[in-house]
>>> print(open('final_31.cif').read())   # mmCIF, C-alpha atoms (C1' of nucleotides)
data_data
loop_
_atom_site.group_PDB
_atom_site.id
_atom_site.type_symbol
_atom_site.label_atom_id
_atom_site.label_comp_id
_atom_site.auth_asym_id
_atom_site.auth_seq_id
_atom_site.Cartn_x
_atom_site.Cartn_y
_atom_site.Cartn_z
ATOM 1 C CA MET A 26 0.000 0.000 0.000
ATOM 2 C CA LYS A 27 1.205 3.459 -0.912
ATOM 3 C CA LYS A 28 -0.093 6.516 0.864
ATOM 4 C CA VAL A 29 0.973 10.038 -0.048
ATOM 5 C CA LEU A 30 1.946 11.999 3.057
ATOM 6 C CA SER A 31 -0.189 15.140 3.320
ATOM 7 C CA SER A 32 0.512 18.486 4.942
ATOM 8 C CA ARG A 33 -1.321 17.110 7.976
ATOM 9 C CA PHE A 34 1.516 14.646 8.514
ATOM 10 C CA PHE A 35 4.090 17.434 8.524
ATOM 11 C CA ASN A 36 1.957 19.667 10.727
ATOM 12 C CA GLN A 37 3.067 17.906 13.903
ATOM 13 C CA ALA A 38 5.927 18.457 16.346
ATOM 14 C CA THR A 39 9.125 18.485 14.292
ATOM 15 C CA LEU A 40 10.934 15.792 16.275
ATOM 16 C CA VAL A 41 7.924 13.508 15.932
ATOM 17 C CA VAL A 42 7.798 14.024 12.175
ATOM 18 C CA ALA A 43 11.558 13.513 11.877
ATOM 19 C CA GLU A 44 11.419 10.132 13.585
ATOM 20 C CA LYS A 45 8.388 9.035 11.566
ATOM 21 C CA LEU A 46 9.980 10.156 8.293
ATOM 22 C CA VAL A 47 12.738 7.569 8.582
ATOM 23 C CA GLY A 48 11.623 4.573 6.527
ATOM 24 C CA LYS A 49 9.171 6.615 4.464
ATOM 25 C CA TYR A 50 9.818 7.314 0.778
ATOM 26 C CA LEU A 51 10.792 10.351 -1.211
ATOM 27 C CA VAL A 52 9.181 9.990 -4.623
ATOM 28 C CA ILE A 53 10.008 11.952 -7.764
ATOM 29 C CA LYS A 54 8.471 12.049 -11.211
ATOM 30 C CA GLN A 55 10.805 13.220 -13.945
ATOM 31 C CA ARG A 56 10.770 12.613 -17.675
ATOM 32 C CA GLY A 57 7.530 10.669 -17.190
ATOM 33 C CA LYS A 58 9.074 8.147 -14.824
ATOM 34 C CA VAL A 59 8.451 7.699 -11.117
ATOM 35 C CA LYS A 60 11.290 6.796 -8.782
ATOM 36 C CA ALA A 61 11.014 6.153 -5.055
ATOM 37 C CA TYR A 62 13.849 6.314 -2.544
ATOM 38 C CA ARG A 63 13.655 5.183 1.046
ATOM 39 C CA ILE A 64 14.629 7.877 3.537
ATOM 40 C CA THR A 65 17.422 6.645 5.787
ATOM 41 C CA GLU A 66 18.625 9.771 7.582
ATOM 42 C CA VAL A 67 17.116 13.139 8.527
ATOM 43 C CA GLU A 68 17.870 16.108 10.766
ATOM 44 C CA ALA A 69 15.417 18.358 12.620
ATOM 45 C CA TYR A 70 15.707 22.145 12.854
ATOM 46 C CA ASP A 71 13.121 23.039 15.432
ATOM 47 C CA GLY A 72 11.896 26.497 16.314
ATOM 48 C CA PRO A 73 13.259 30.040 16.718
ATOM 49 C CA THR A 74 15.488 29.187 19.684
ATOM 50 C CA ASP A 75 17.348 26.397 17.867
ATOM 51 C CA GLN A 76 20.730 28.052 17.370
ATOM 52 C CA ALA A 77 21.626 25.654 14.562
ATOM 53 C CA SER A 78 18.594 26.712 12.546
ATOM 54 C CA HIS A 79 18.517 29.492 9.970
ATOM 55 C CA ALA A 80 15.400 30.676 11.792
ATOM 56 C CA SER A 81 17.312 31.484 14.990
ATOM 57 C CA ARG A 82 18.195 34.933 13.647
ATOM 58 C CA GLY A 83 14.678 35.808 12.589
ATOM 59 C CA GLU A 84 12.772 35.749 9.353
ATOM 60 C CA THR A 85 14.701 36.644 6.189
ATOM 61 C CA PRO A 86 13.929 36.306 2.476
ATOM 62 C CA ARG A 87 15.744 32.980 2.382
ATOM 63 C CA ASN A 88 14.194 31.250 5.405
ATOM 64 C CA LYS A 89 10.715 32.755 5.002
ATOM 65 C CA VAL A 90 9.203 29.425 3.963
ATOM 66 C CA MET A 91 10.226 27.881 7.295
ATOM 67 C CA PHE A 92 7.818 30.290 9.000
ATOM 68 C CA GLY A 93 4.946 29.244 6.770
ATOM 69 C CA PRO A 94 2.616 26.222 6.881
ATOM 70 C CA ALA A 95 3.920 22.633 6.922
ATOM 71 C CA GLY A 96 4.448 20.515 3.858
ATOM 72 C CA TYR A 97 6.468 22.933 1.711
ATOM 73 C CA PHE A 98 9.999 22.414 0.465
ATOM 74 C CA TYR A 99 12.863 24.606 1.609
ATOM 75 C CA LEU A 100 15.940 24.394 -0.611
ATOM 76 C CA TYR A 101 19.016 26.511 -0.183
ATOM 77 C CA LEU A 102 22.607 26.543 -1.373
ATOM 78 C CA VAL A 103 25.446 25.925 1.074
ATOM 79 C CA TYR A 104 29.156 26.380 0.527
ATOM 80 C CA GLY A 105 28.344 27.686 -2.930
ATOM 81 C CA CYS A 106 28.117 24.082 -4.102
ATOM 82 C CA HIS A 107 25.289 22.047 -2.629
ATOM 83 C CA GLN A 108 21.524 22.328 -2.503
ATOM 84 C CA MET A 109 19.967 21.194 0.792
ATOM 85 C CA LEU A 110 16.494 19.642 0.648
ATOM 86 C CA ASN A 111 14.210 20.359 3.597
ATOM 87 C CA ILE A 112 10.523 19.893 4.304
ATOM 88 C CA VAL A 113 8.776 22.494 6.479
ATOM 89 C CA THR A 114 7.078 21.173 9.621
ATOM 90 C CA GLY A 115 4.857 22.397 12.422
ATOM 91 C CA GLN A 116 2.337 25.200 12.740
ATOM 92 C CA LYS A 117 2.349 28.279 10.558
ATOM 93 C CA GLY A 118 4.368 30.963 12.347
ATOM 94 C CA TYR A 119 6.597 28.424 14.068
ATOM 95 C CA PRO A 120 9.813 28.085 12.009
ATOM 96 C CA ALA A 121 10.913 24.477 11.625
ATOM 97 C CA ALA A 122 12.054 22.057 8.947
ATOM 98 C CA ILE A 123 13.624 18.674 8.415
ATOM 99 C CA LEU A 124 16.742 18.178 6.307
ATOM 100 C CA ILE A 125 16.793 15.040 4.156
ATOM 101 C CA ARG A 126 20.332 13.790 4.753
ATOM 102 C CA ALA A 127 20.327 10.392 3.069
ATOM 103 C CA LEU A 128 18.333 7.932 0.975
ATOM 104 C CA ASN A 129 19.059 4.330 0.159
ATOM 105 C CA ASN A 130 22.441 4.233 -1.568
ATOM 106 C CA ILE A 131 22.696 8.018 -1.463
ATOM 107 C CA SER A 132 24.688 9.244 1.513
ATOM 108 C CA GLY A 133 24.889 12.957 2.259
ATOM 109 C CA PRO A 134 22.409 15.810 1.714
ATOM 110 C CA GLY A 135 24.385 17.346 -1.161
ATOM 111 C CA ARG A 136 24.403 14.067 -3.021
ATOM 112 C CA VAL A 137 20.664 13.607 -2.486
ATOM 113 C CA THR A 138 19.871 16.790 -4.412
ATOM 114 C CA LYS A 139 22.590 16.154 -6.988
ATOM 115 C CA THR A 140 21.388 12.631 -7.719
ATOM 116 C CA LEU A 141 17.713 13.604 -7.969
ATOM 117 C CA ASP A 142 18.628 16.788 -9.867
ATOM 118 C CA LEU A 143 16.806 19.046 -7.390
ATOM 119 C CA ASP A 144 17.356 22.783 -7.692
ATOM 120 C CA GLN A 145 15.815 26.091 -6.606
ATOM 121 C CA GLY A 146 12.790 25.318 -8.776
ATOM 122 C CA PHE A 147 11.453 23.203 -5.905
ATOM 123 C CA ASN A 148 11.962 25.872 -3.266
ATOM 124 C CA HIS A 149 8.649 26.997 -1.748
ATOM 125 C CA LYS A 150 6.735 24.260 -3.634
ATOM 126 C CA PRO A 151 4.346 21.960 -1.742
ATOM 127 C CA ALA A 152 5.262 18.286 -1.408
ATOM 128 C CA THR A 153 2.502 16.990 -3.671
ATOM 129 C CA VAL A 154 2.160 14.694 -6.655
ATOM 130 C CA LYS A 155 1.357 17.739 -8.751
ATOM 131 C CA THR A 156 4.704 19.289 -7.840
ATOM 132 C CA GLY A 157 6.410 16.091 -8.981
ATOM 133 C CA LEU A 158 8.204 15.547 -5.672
ATOM 134 C CA TRP A 159 6.420 14.096 -2.675
ATOM 135 C CA PHE A 160 6.556 11.656 0.235
ATOM 136 C CA GLU A 161 4.885 8.261 0.642
ATOM 137 C CA ASP A 162 4.256 5.757 3.372
ATOM 138 C CA ARG A 163 4.729 2.394 1.718
ATOM 139 C CA GLY A 164 3.655 0.354 4.711
ATOM 140 C CA GLU A 165 7.069 -0.491 6.108
ATOM 141 C CA LYS A 166 7.135 -0.721 9.852
ATOM 142 C CA ILE A 167 10.236 0.713 11.463
ATOM 143 C CA LEU A 168 10.938 -0.192 15.085
ATOM 144 C CA ALA A 169 12.261 2.383 17.537
ATOM 145 C CA THR A 170 15.309 0.160 17.978
ATOM 146 C CA GLN A 171 16.135 0.582 14.286
ATOM 147 C CA ILE A 172 16.520 4.336 14.625
ATOM 148 C CA LYS A 173 19.609 5.874 16.119
ATOM 149 C CA ARG A 174 19.517 9.408 17.521
ATOM 150 C CA LEU A 175 22.716 11.359 16.951
ATOM 151 C CA PRO A 176 23.971 14.965 17.079
ATOM 152 C CA ARG A 177 23.541 16.973 13.908
ATOM 153 C CA VAL A 178 26.366 17.370 11.411
ATOM 154 C CA GLY A 179 28.223 20.575 10.620
ATOM 155 C CA VAL A 180 26.544 22.794 13.216
ATOM 156 C CA ALA A 181 29.396 23.596 15.617
ATOM 157 C CA TYR A 182 28.568 27.281 15.165
ATOM 158 C CA ALA A 183 25.393 26.679 17.193
ATOM 159 C CA GLY A 184 27.365 26.326 20.449
ATOM 160 C CA PRO A 185 27.711 23.315 22.763
ATOM 161 C CA ILE A 186 24.080 23.056 23.855
ATOM 162 C CA TRP A 187 22.429 23.089 20.452
ATOM 163 C CA SER A 188 25.122 21.325 18.468
ATOM 164 C CA GLN A 189 24.967 18.364 20.834
ATOM 165 C CA LYS A 190 21.238 17.862 20.743
ATOM 166 C CA LYS A 191 20.315 14.543 19.190
ATOM 167 C CA TYR A 192 18.175 15.902 16.394
ATOM 168 C CA ARG A 193 19.577 13.533 13.744
ATOM 169 C CA PHE A 194 17.639 10.319 13.091
ATOM 170 C CA LYS A 195 19.405 7.514 11.281
ATOM 171 C CA LEU A 196 18.079 4.152 10.191
ATOM 172 C CA VAL A 197 20.241 1.308 11.460
ATOM 173 C CA THR A 198 19.928 -1.607 9.059
ATOM 174 C CA ASP A 199 22.284 -3.995 10.766
ATOM 175 C CA GLU A 200 25.785 -4.329 12.271
ATOM 176 C "C1'" DA B 10 43.611 18.428 5.214
ATOM 177 C "C1'" DC B 11 41.965 21.578 2.078
ATOM 178 C "C1'" DG B 12 39.910 24.244 -1.632
ATOM 179 C "C1'" DA B 13 35.801 24.973 -4.526
ATOM 180 C "C1'" DT B 14 32.170 28.275 -5.093
ATOM 181 C "C1'" DG B 15 28.287 31.686 -4.631
ATOM 182 C "C1'" DA B 16 24.273 33.235 -2.115
ATOM 183 C "C1'" DT B 17 23.176 35.319 2.180
ATOM 184 C "C1'" DG B 18 22.878 38.597 5.843
ATOM 185 C "C1'" DA B 19 25.036 41.814 8.795
ATOM 186 C "C1'" DA B 20 28.028 45.594 9.174
ATOM 187 C "C1'" DC B 21 29.731 49.808 7.654
ATOM 188 C "C1'" DT C 26 29.130 47.978 -0.999
ATOM 189 C "C1'" DT C 27 32.024 44.914 1.290
ATOM 190 C "C1'" DC C 28 32.983 40.843 3.815
ATOM 191 C "C1'" DA C 29 32.819 36.691 6.709
ATOM 192 C "C1'" DT C 30 30.208 32.694 6.891
ATOM 193 C "C1'" DC C 31 28.398 28.398 5.489
ATOM 194 C "C1'" DA C 32 22.835 22.298 7.691
ATOM 195 C "C1'" DT C 33 29.154 19.796 2.044
ATOM 196 C "C1'" DC C 34 31.968 17.019 -0.947
ATOM 197 C "C1'" DG C 35 35.727 15.489 -3.896
ATOM 198 C "C1'" DT C 36 40.487 15.249 -4.247
ATOM 199 C "C1'" DA C 37 45.076 14.631 -2.037
#
>>> encode(input="final_31.cif", output="structure tokens")
Amino acid sequence: MKKVLSSRFFNQATLVVAEKLVGKYLVIKQRGKVKAYRITEVEAYDGPTDQASHASRGETPRNKVMFGPAGYFYLYLVYGCHQMLNIVTGQKGYPAAILIRALNNISGPGRVTKTLDLDQGFNHKPATVKTGLWFEDRGEKILATQIKRLPRVGVAYAGPIWSQKKYRFKLVTDE
DNA sequence: ACGATGATGAAC
DNA sequence: TTCATCATCGTA
């Protein structure tokens, strides 16, 4: 069974959505073909006080979409090289988003966007079938023991408290 | 270990 | 208008 995740799914507490998103699918339609990738790693950026989040220094033209309703994509360029794919979560007015860090066989957020050929054209678009990029629940049950909580990557600038928070959720297949 | 590479936002 | 910074990655 395949169920498209609606804005209602993303309109929940960000950490809850982040954990639930592991094991779901990112689906893209391009050149008439549909491809689905299982989400294996995500990171939460939760609220205005999160010092690792772009939203911690207030609303700007770039992060505006984070302050809007859930279910919209937030893409931005880092290091002049890599697009980061995020999905906005939580209530309108509360800035939060989840970074898609890895999919099956695709490790690293920059490689996710490179492989799927995602650019600024998806920024501010809703995660719907019409957009051509959306999320699905394909009925896979993920146990809590299969998800590892880790500190986020590349956020030392946020200071010891916020950089150490375990806002990264990673699927543990085996080992 | 380091440079690429360019938009962003804050300061001046 | 200038300038430091950056939710990374490939090459060495």
>>> closest_atom_pairs(input="final_31.cif", of="chain A", to="chain B", cutoff="8 Å", atoms="only C-alpha atoms (C1' of nucleotides)", output="CSV")
residue,atom,partner,partner_atom,distance
A:Arg87,CA,B:DT17,C1',7.8
A:Leu102,CA,B:DA16,C1',6.9
A:Tyr104,CA,B:DT14,C1',6.7
A:Gly105,CA,B:DG15,C1',4.3
A:Cys106,CA,B:DT14,C1',5.9
>>> interface_residues(input="final_31.cif", of="chain A", to="chain C", cutoff="9 Å", atoms="only C-alpha atoms (C1' of nucleotides)", output="list in words")
Glu68, Tyr70, Ala77, Ser78, His79, Val103, Tyr104, Gly105, Cys106, His107, Met109, Leu124, Gly133, Pro134, Gly135, Arg136, Arg177, Val178, Gly179 and Val180 of chain A
>>> residues_around(input="final_31.cif", residues="Lys60 of chain A", least_positions_apart="2", cutoff="12 Å", atoms="all atoms listed in the file", output="list of chain:residue names")
A:Tyr50, A:Leu51, A:Val52, A:Ile53, A:Lys54, A:Gln55, A:Arg56, A:Gly57, A:Lys58, A:Tyr62, A:Arg63, A:Thr140, A:Leu141, A:Gly157, A:Leu158, A:Trp159, A:Phe160, A:Glu161
>>> axis_aligned_box(input="final_31.cif", around="segment 14-19 of chain B", padding_each_side="5 Å", output="AutoDock Vina command-line options")
--center_x 27.5 --center_y 35.0 --center_z 1.9 --size_x 19.3 --size_y 23.5 --size_z 23.9
>>> atom_distance(input="final_31.cif", atom1="atom CA of Tyr192 of chain A", atom2="atom CA of Arg174 of chain A")
6.7 Å
